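Next comes target_0.pdb, with PDB, C-alpha atoms.
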ATOM      1  CA  MET A   1       4.107 -22.384  57.463
ATOM      2  CA  ARG A   2       4.876 -19.775  54.776
ATOM      3  CA  SER A   3       8.314 -19.221  53.351
ATOM      4  CA  PRO A   4       9.920 -15.745  53.390
ATOM      5  CA  LEU A   5       9.348 -15.529  49.638
ATOM      6  CA  MET A   6       5.611 -16.180  50.023
ATOM      7  CA  ARG A   7       5.386 -13.479  52.729
ATOM      8  CA  ARG A   8       7.131 -10.956  50.445
ATOM      9  CA  LEU A   9       4.867 -11.808  47.516
ATOM     10  CA  GLY A  10       1.812 -11.533  49.754
ATOM     11  CA  LEU A  11       2.969  -8.171  51.108
ATOM     12  CA  SER A  12       3.616  -6.930  47.539
ATOM     13  CA  ALA A  13       0.138  -7.998  46.445
ATOM     14  CA  VAL A  14      -1.496  -6.232  49.399
ATOM     15  CA  LEU A  15       0.520  -3.072  48.758
ATOM     16  CA  ALA A  16      -0.429  -3.098  45.052
ATOM     17  CA  LEU A  17      -4.109  -3.528  45.966
ATOM     18  CA  VAL A  18      -3.998  -0.598  48.417
ATOM     19  CA  LEU A  19      -2.277   1.650  45.876
ATOM     20  CA  ALA A  20      -4.822   0.705  43.213
ATOM     21  CA  MET A  21      -7.729   1.478  45.566
ATOM     22  CA  PHE A  22      -6.420   5.004  46.151
ATOM     23  CA  GLY A  23      -5.592   5.580  42.474
ATOM     24  CA  LEU A  24      -1.848   5.687  43.035
ATOM     25  CA  ALA A  25      -0.902   2.615  41.041
ATOM     26  CA  PRO A  26       0.880   3.164  37.748
ATOM     27  CA  SER A  27      -1.533   2.819  34.865
ATOM     28  CA  ALA A  28      -0.896   1.242  31.513
ATOM     29  CA  SER A  29      -0.928   3.899  28.835
ATOM     30  CA  ALA A  30      -0.549   3.840  25.120
ATOM     31  CA  ALA A  31       2.978   4.442  23.938
ATOM     32  CA  ASP A  32       3.741   7.974  22.816
ATOM     33  CA  PRO A  33       3.796   8.398  19.051
ATOM     34  CA  ASN A  34       7.130   8.855  17.345
ATOM     35  CA  PRO A  35       8.364  12.440  17.737
ATOM     36  CA  ALA A  36       8.378  12.700  13.928
ATOM     37  CA  ASP A  37       6.393  10.610  11.484
ATOM     38  CA  LEU A  38       7.140  10.129   7.766
ATOM     39  CA  LYS A  39       4.510   8.771   5.370
ATOM     40  CA  PHE A  40       4.671   8.139   1.624
ATOM     41  CA  THR A  41       1.933   7.996  -1.005
ATOM     42  CA  THR A  42       1.930   7.825  -4.796
ATOM     43  CA  ASP A  43      -0.628   9.201  -7.233
ATOM     44  CA  ALA A  44      -0.574   5.991  -9.309
ATOM     45  CA  ALA A  45       0.088   2.335  -8.625
ATOM     46  CA  THR A  46       1.066   1.667 -12.230
ATOM     47  CA  THR A  47       2.628   3.549 -15.131
ATOM     48  CA  THR A  48       4.104   2.801 -18.527
ATOM     49  CA  PRO A  49       7.536   3.526 -20.009
ATOM     50  CA  GLY A  50       7.730   7.274 -20.597
ATOM     51  CA  GLY A  51       5.218   7.983 -17.796
ATOM     52  CA  THR A  52       5.548   9.837 -14.512
ATOM     53  CA  VAL A  53       4.448   9.118 -10.957
ATOM     54  CA  ASN A  54       4.331  11.623  -8.121
ATOM     55  CA  LEU A  55       5.819  10.323  -4.881
ATOM     56  CA  THR A  56       4.533  12.365  -1.924
ATOM     57  CA  MET A  57       6.356  12.492   1.416
ATOM     58  CA  THR A  58       4.629  13.989   4.467
ATOM     59  CA  LEU A  59       6.670  14.689   7.608
ATOM     60  CA  THR A  60       4.676  15.383  10.784
ATOM     61  CA  ASN A  61       6.016  16.903  14.009
ATOM     62  CA  ASN A  62       4.327  14.984  16.870
ATOM     63  CA  LYS A  63       6.215  16.805  19.649
ATOM     64  CA  THR A  64       5.273  19.902  21.612
ATOM     65  CA  TYR A  65       8.475  21.620  20.413
ATOM     66  CA  ASP A  66       9.482  22.919  16.998
ATOM     67  CA  LEU A  67      11.199  20.493  14.648
ATOM     68  CA  TRP A  68      14.314  22.467  13.671
ATOM     69  CA  PHE A  69      16.344  20.181  11.434
ATOM     70  CA  VAL A  70      15.673  17.237   9.109
ATOM     71  CA  TYR A  71      18.108  15.031   7.215
ATOM     72  CA  GLN A  72      16.609  12.377   4.958
ATOM     73  CA  THR A  73      17.858   9.881   2.402
ATOM     74  CA  ILE A  74      15.870   8.074  -0.256
ATOM     75  CA  ASP A  75      17.204   5.001  -2.027
ATOM     76  CA  PRO A  76      15.789   2.255  -4.264
ATOM     77  CA  THR A  77      14.802  -0.993  -2.574
ATOM     78  CA  TRP A  78      16.955  -4.062  -3.102
ATOM     79  CA  LEU A  79      14.377  -5.641  -5.445
ATOM     80  CA  THR A  80      14.328  -2.471  -7.550
ATOM     81  CA  THR A  81      18.111  -2.590  -7.924
ATOM     82  CA  GLN A  82      17.914  -6.207  -9.125
ATOM     83  CA  ARG A  83      16.081  -5.139 -12.297
ATOM     84  CA  PRO A  84      18.654  -3.229 -14.380
ATOM     85  CA  ASP A  85      16.101  -2.994 -17.219
ATOM     86  CA  LEU A  86      13.953  -0.640 -15.103
ATOM     87  CA  LYS A  87      15.102   2.881 -15.938
ATOM     88  CA  TYR A  88      13.869   5.879 -14.006
ATOM     89  CA  SER A  89      14.988   9.116 -12.405
ATOM     90  CA  ILE A  90      13.681  11.652  -9.930
ATOM     91  CA  THR A  91      13.214  14.742 -12.074
ATOM     92  CA  GLY A  92      11.334  17.187  -9.893
ATOM     93  CA  CYS A  93      10.700  18.268  -6.340
ATOM     94  CA  SER A  94       8.078  20.612  -4.901
ATOM     95  CA  LEU A  95       7.060  21.708  -1.399
ATOM     96  CA  ALA A  96       3.355  22.256  -0.716
ATOM     97  CA  THR A  97       2.751  25.671   0.862
ATOM     98  CA  ALA A  98      -0.331  27.730   1.710
ATOM     99  CA  ASN A  99       0.280  29.688  -1.519
ATOM    100  CA  GLY A 100       0.705  26.607  -3.720
ATOM    101  CA  SER A 101       3.724  24.506  -4.614
ATOM    102  CA  THR A 102       7.244  25.885  -4.603
ATOM    103  CA  PRO A 103      10.305  24.168  -6.125
ATOM    104  CA  CYS A 104      12.781  22.496  -3.790
ATOM    105  CA  SER A 105      16.241  21.032  -4.166
ATOM    106  CA  GLY A 106      17.979  17.808  -3.234
ATOM    107  CA  THR A 107      16.296  15.344  -5.568
ATOM    108  CA  GLY A 108      17.587  11.812  -5.724
ATOM    109  CA  PRO A 109      19.447   9.902  -3.018
ATOM    110  CA  SER A 110      20.759  12.941  -1.218
ATOM    111  CA  ASN A 111      19.896  15.265   1.639
ATOM    112  CA  LEU A 112      16.175  15.871   1.282
ATOM    113  CA  GLY A 113      15.842  17.578   4.662
ATOM    114  CA  THR A 114      16.066  21.153   3.440
ATOM    115  CA  ASN A 115      13.000  20.518   1.302
ATOM    116  CA  TYR A 116      10.689  20.442   4.329
ATOM    117  CA  ASN A 117      11.213  24.147   5.053
ATOM    118  CA  ALA A 118      11.951  23.663   8.765
ATOM    119  CA  PRO A 119      11.154  24.726  11.408
ATOM    120  CA  ILE A 120       7.949  22.738  11.596
ATOM    121  CA  PRO A 121       5.733  23.811  14.526
ATOM    122  CA  PRO A 122       4.253  21.212  16.913
ATOM    123  CA  GLY A 123       1.441  19.166  15.384
ATOM    124  CA  GLN A 124       2.039  20.441  11.865
ATOM    125  CA  SER A 125       3.205  18.678   8.720
ATOM    126  CA  ARG A 126       5.143  19.485   5.599
ATOM    127  CA  THR A 127       4.541  17.726   2.281
ATOM    128  CA  VAL A 128       7.133  17.322  -0.461
ATOM    129  CA  THR A 129       6.377  15.714  -3.824
ATOM    130  CA  LEU A 130       9.076  14.068  -5.932
ATOM    131  CA  THR A 131       8.378  13.412  -9.621
ATOM    132  CA  LEU A 132       9.504   9.951 -10.714
ATOM    133  CA  GLN A 133      10.102   9.813 -14.471
ATOM    134  CA  ILE A 134      10.104   6.362 -16.083
ATOM    135  CA  ALA A 135      12.411   6.223 -19.134
ATOM    136  CA  ALA A 136      10.762   5.577 -22.493
ATOM    137  CA  ASP A 137      13.047   2.555 -23.001
ATOM    138  CA  SER A 138      12.486   1.115 -19.505
ATOM    139  CA  GLY A 139      11.778  -2.572 -19.029
ATOM    140  CA  CYS A 140       8.301  -3.749 -18.084
ATOM    141  CA  ASN A 141       6.533  -5.852 -15.463
ATOM    142  CA  GLY A 142       8.778  -4.747 -12.641
ATOM    143  CA  ASN A 143       8.161  -2.756  -9.470
ATOM    144  CA  ILE A 144       9.997   0.430  -8.525
ATOM    145  CA  GLY A 145      10.107   1.196  -4.819
ATOM    146  CA  PHE A 146      12.174   3.258  -2.402
ATOM    147  CA  TYR A 147      13.011   3.365   1.278
ATOM    148  CA  SER A 148      14.037   6.253   3.470
ATOM    149  CA  TYR A 149      15.856   6.938   6.716
ATOM    150  CA  PHE A 150      15.540  10.289   8.445
ATOM    151  CA  TYR A 151      17.017  12.189  11.349
ATOM    152  CA  THR A 152      15.319  15.111  13.118
ATOM    153  CA  GLU A 153      16.337  17.615  15.778
ATOM    154  CA  PHE A 154      13.916  19.572  17.952
ATOM    155  CA  SER A 155      14.076  22.914  19.761
ATOM    156  CA  ASP A 156      14.135  21.109  23.139
ATOM    157  CA  SER A 157      17.591  19.699  22.164
ATOM    158  CA  THR A 158      16.285  16.171  21.541
ATOM    159  CA  ASN A 159      16.660  14.215  18.321
ATOM    160  CA  TYR A 160      14.997  11.244  16.686
ATOM    161  CA  SER A 161      16.058   8.798  13.964
ATOM    162  CA  GLY A 162      13.431   6.933  11.978
ATOM    163  CA  GLY A 163      13.249   4.371   9.254
ATOM    164  CA  PRO A 164      13.337   2.531   7.160
ATOM    165  CA  VAL A 165      10.066   3.914   5.803
ATOM    166  CA  TYR A 166       9.009   2.283   2.519
ATOM    167  CA  THR A 167       7.173   3.891  -0.383
ATOM    168  CA  PRO A 168       4.313   2.188  -2.183
ATOM    169  CA  GLU A 169       5.681   0.344  -5.200
ATOM    170  CA  THR A 170       4.959   1.503  -8.738
ATOM    171  CA  ARG A 171       4.459  -1.218 -11.335
ATOM    172  CA  VAL A 172       5.818  -0.465 -14.815
ATOM    173  CA  LEU A 173       3.455  -2.006 -17.383
ATOM    174  CA  CYS A 174       3.752  -2.260 -21.145
ATOM    175  CA  ALA A 175       0.671  -1.593 -23.269
TER     176      ALA A 175
END
Would you kindly transcribe this structure into structure tokens?
Amino acid sequence: MRSPLMRRLGLSAVLALVLAMFGLAPSASAADPNPADLKFTTDAATTTPGGTVNLTMTLTNNKTYDLWFVYQTIDPTWLTTQRPDLKYSITGCSLATANGSTPCSGTGPSNLGTNYNAPIPPGQSRTVTLTLQIAADSGCNGNIGFYSYFYTEFSDSTNYSGGPVYTPETRVLCA
């Protein structure tokens, strides 16, 4: 004799089989990508005191609505802050456009969002390059890295927070 629980499980299994045969069962699908995606690259993995490295940030709108607003921070990683002999600063900022690069504002650990020239249409990206200047008297054999948090708002009244997103590290070498 079957218990009430066994009958319920059996009925559920039969119902799931019938739904699957008629194509009505829920299917497993890949998760939607993040509404906004931030990626970092650098033009060099190493530099020397007095050198520069370009840190490129690309923000992509993965939604079907315009990305209207971006707020972003950029800060040194904990390991970078533990090396007081590493001296550097962010000295430049440029936005890539169809007509070439244009200067932007908000360098350093501040609001970088205005640099992306929002709105960003669905499926499109904006690329901003920060110039990292290593001081001539900087220490050596240490890594400089950053992390970022960002907040975005879309024209469909939704928002998304992302991060931390980490940059590739730049190794400061002495010749």
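The gap separating atom CA of Asn34 of chain A from atom CA of Asn54 of chain A is 25.8 Å, in Å to one decimal.
If you apply the PyMOL selection byres ((chain A and resi 161-169) around 8) to this structure, you end up with Ala36, Asp37, Leu38, Lys39, Phe40, Thr41, Thr42, Ala45, Leu55, Asn143, Ile144, Gly145, Phe146, Tyr147, Ser148, Tyr149, Phe150, Tyr151, Thr152, Asn159, Tyr160, Thr170 and Arg171 of chain A.
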Item to check | Separation of atom CA of Thr97 of chain A from atom CA of Thr47 of chain A in Å | outcome: 27.3 Å
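Going from atom CA of Trp68 of chain A to atom CA of Thr127 of chain A covers 15.7 Å.
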Checklist outcome for this item: One residue among A:Gly142, A:Pro33, A:Gly51, A:Gly123 is nearest to Pro84 of chain A when using all atoms listed in the file, and that residue is A:Gly142
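Picked by the PyMOL selection byres ((chain A and resi 49) around 9) from the coordinates shown: Thr47, Thr48, Gly50, Gly51, Thr52, Lys87, Gln133, Ile134, Ala135, Ala136, Asp137, Ser138, Gly139, Cys140, Val172, Leu173 and Cys174 of chain A.
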Checklist entry - When distances are computed from only C-alpha atoms, which of A:Leu59, A:Leu95, A:Ala44, A:Leu86 shows the smallest separation from Tyr71 of chain A? => result A:Leu59
Next on the checklist: At a cut-off of 8 Å, using all atoms listed in the file, what residues contact segment 153-155 of chain A? Leave out same-chain residues fewer than 6 positions from it and give the result as a PyMOL selection string.
Outcome noted: chain A and resi 65-70
Checklist entry - On this structure, which residues satisfy the PyMOL selection byres ((chain A and resi 100-103) around 12), written as a ChimeraX atom specification? => result /A:91-99,104-107,114-117,126-131
Would you put the residues from that selection into a file with C-alpha atoms, as a short mmCIF file (atom, residue, chain, number, x, y, z; two decimals), in the coordinates of the input?
data_model
loop_
_atom_site.label_atom_id
_atom_site.label_comp_id
_atom_site.auth_asym_id
_atom_site.auth_seq_id
_atom_site.Cartn_x
_atom_site.Cartn_y
_atom_site.Cartn_z
CA THR A 91 13.21 14.74 -12.07
CA GLY A 92 11.33 17.19 -9.89
CA CYS A 93 10.70 18.27 -6.34
CA SER A 94 8.08 20.61 -4.90
CA LEU A 95 7.06 21.71 -1.40
CA ALA A 96 3.36 22.26 -0.72
CA THR A 97 2.75 25.67 0.86
CA ALA A 98 -0.33 27.73 1.71
CA ASN A 99 0.28 29.69 -1.52
CA CYS A 104 12.78 22.50 -3.79
CA SER A 105 16.24 21.03 -4.17
CA GLY A 106 17.98 17.81 -3.23
CA THR A 107 16.30 15.34 -5.57
CA THR A 114 16.07 21.15 3.44
CA ASN A 115 13.00 20.52 1.30
CA TYR A 116 10.69 20.44 4.33
CA ASN A 117 11.21 24.15 5.05
CA ARG A 126 5.14 19.48 5.60
CA THR A 127 4.54 17.73 2.28
CA VAL A 128 7.13 17.32 -0.46
CA THR A 129 6.38 15.71 -3.82
CA LEU A 130 9.08 14.07 -5.93
CA THR A 131 8.38 13.41 -9.62
#
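Distance annotation: of A:Thr58, A:Gln124, A:Thr46, A:Thr64, the residue with the minimal separation from Thr158 of chain A is A:Thr64; atom set is only C-alpha atoms.
The closest residue to Pro76 of chain A, picked from A:Leu132, A:Val53, A:Thr60, A:Pro35 and counting only C-alpha atoms, is A:Leu132.
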Hey, can I get the axis-aligned box for segment 67-85 of chain A? All listed atoms, 5 Å padding on each side, centre and edge lengths in Å to one decimal, as JSON.
{"center_x": 14.9, "center_y": 8.1, "center_z": -1.3, "size_x": 17.5, "size_y": 38.7, "size_z": 41.9}
Subset file: segment 48-75 of chain A, C-alpha atoms, as a PDB file, in the first residue's frame:
ATOM      1  CA  THR A  48      59.469  51.601 -14.478  1.00  0.00           C
ATOM      2  CA  PRO A  49      59.597  54.633 -12.178  1.00  0.00           C
ATOM      3  CA  GLY A  50      58.779  57.678 -14.297  1.00  0.00           C
ATOM      4  CA  GLY A  51      56.717  55.585 -16.754  1.00  0.00           C
ATOM      5  CA  THR A  52      53.041  55.637 -17.656  1.00  0.00           C
ATOM      6  CA  VAL A  53      50.406  52.956 -18.131  1.00  0.00           C
ATOM      7  CA  ASN A  54      47.031  53.429 -19.780  1.00  0.00           C
ATOM      8  CA  LEU A  55      44.161  51.873 -17.844  1.00  0.00           C
ATOM      9  CA  THR A  56      41.161  51.330 -20.139  1.00  0.00           C
ATOM     10  CA  MET A  57      37.616  50.930 -18.807  1.00  0.00           C
ATOM     11  CA  THR A  58      34.842  49.716 -21.122  1.00  0.00           C
ATOM     12  CA  LEU A  59      31.219  49.934 -19.963  1.00  0.00           C
ATOM     13  CA  THR A  60      28.683  47.945 -22.003  1.00  0.00           C
ATOM     14  CA  ASN A  61      24.895  48.332 -21.900  1.00  0.00           C
ATOM     15  CA  ASN A  62      23.458  44.780 -22.105  1.00  0.00           C
ATOM     16  CA  LYS A  63      19.815  45.876 -21.745  1.00  0.00           C
ATOM     17  CA  THR A  64      17.247  46.712 -24.398  1.00  0.00           C
ATOM     18  CA  TYR A  65      16.844  50.204 -22.888  1.00  0.00           C
ATOM     19  CA  ASP A  66      19.180  53.189 -22.842  1.00  0.00           C
ATOM     20  CA  LEU A  67      21.648  53.423 -19.977  1.00  0.00           C
ATOM     21  CA  TRP A  68      20.982  56.955 -18.695  1.00  0.00           C
ATOM     22  CA  PHE A  69      23.214  57.409 -15.669  1.00  0.00           C
ATOM     23  CA  VAL A  70      26.500  55.969 -14.385  1.00  0.00           C
ATOM     24  CA  TYR A  71      28.286  56.549 -11.089  1.00  0.00           C
ATOM     25  CA  GLN A  72      31.641  54.837 -10.639  1.00  0.00           C
ATOM     26  CA  THR A  73      34.448  54.860  -8.101  1.00  0.00           C
ATOM     27  CA  ILE A  74      38.006  53.665  -8.550  1.00  0.00           C
ATOM     28  CA  ASP A  75      40.284  52.974  -5.602  1.00  0.00           C
TER      29      ASP A  75
END
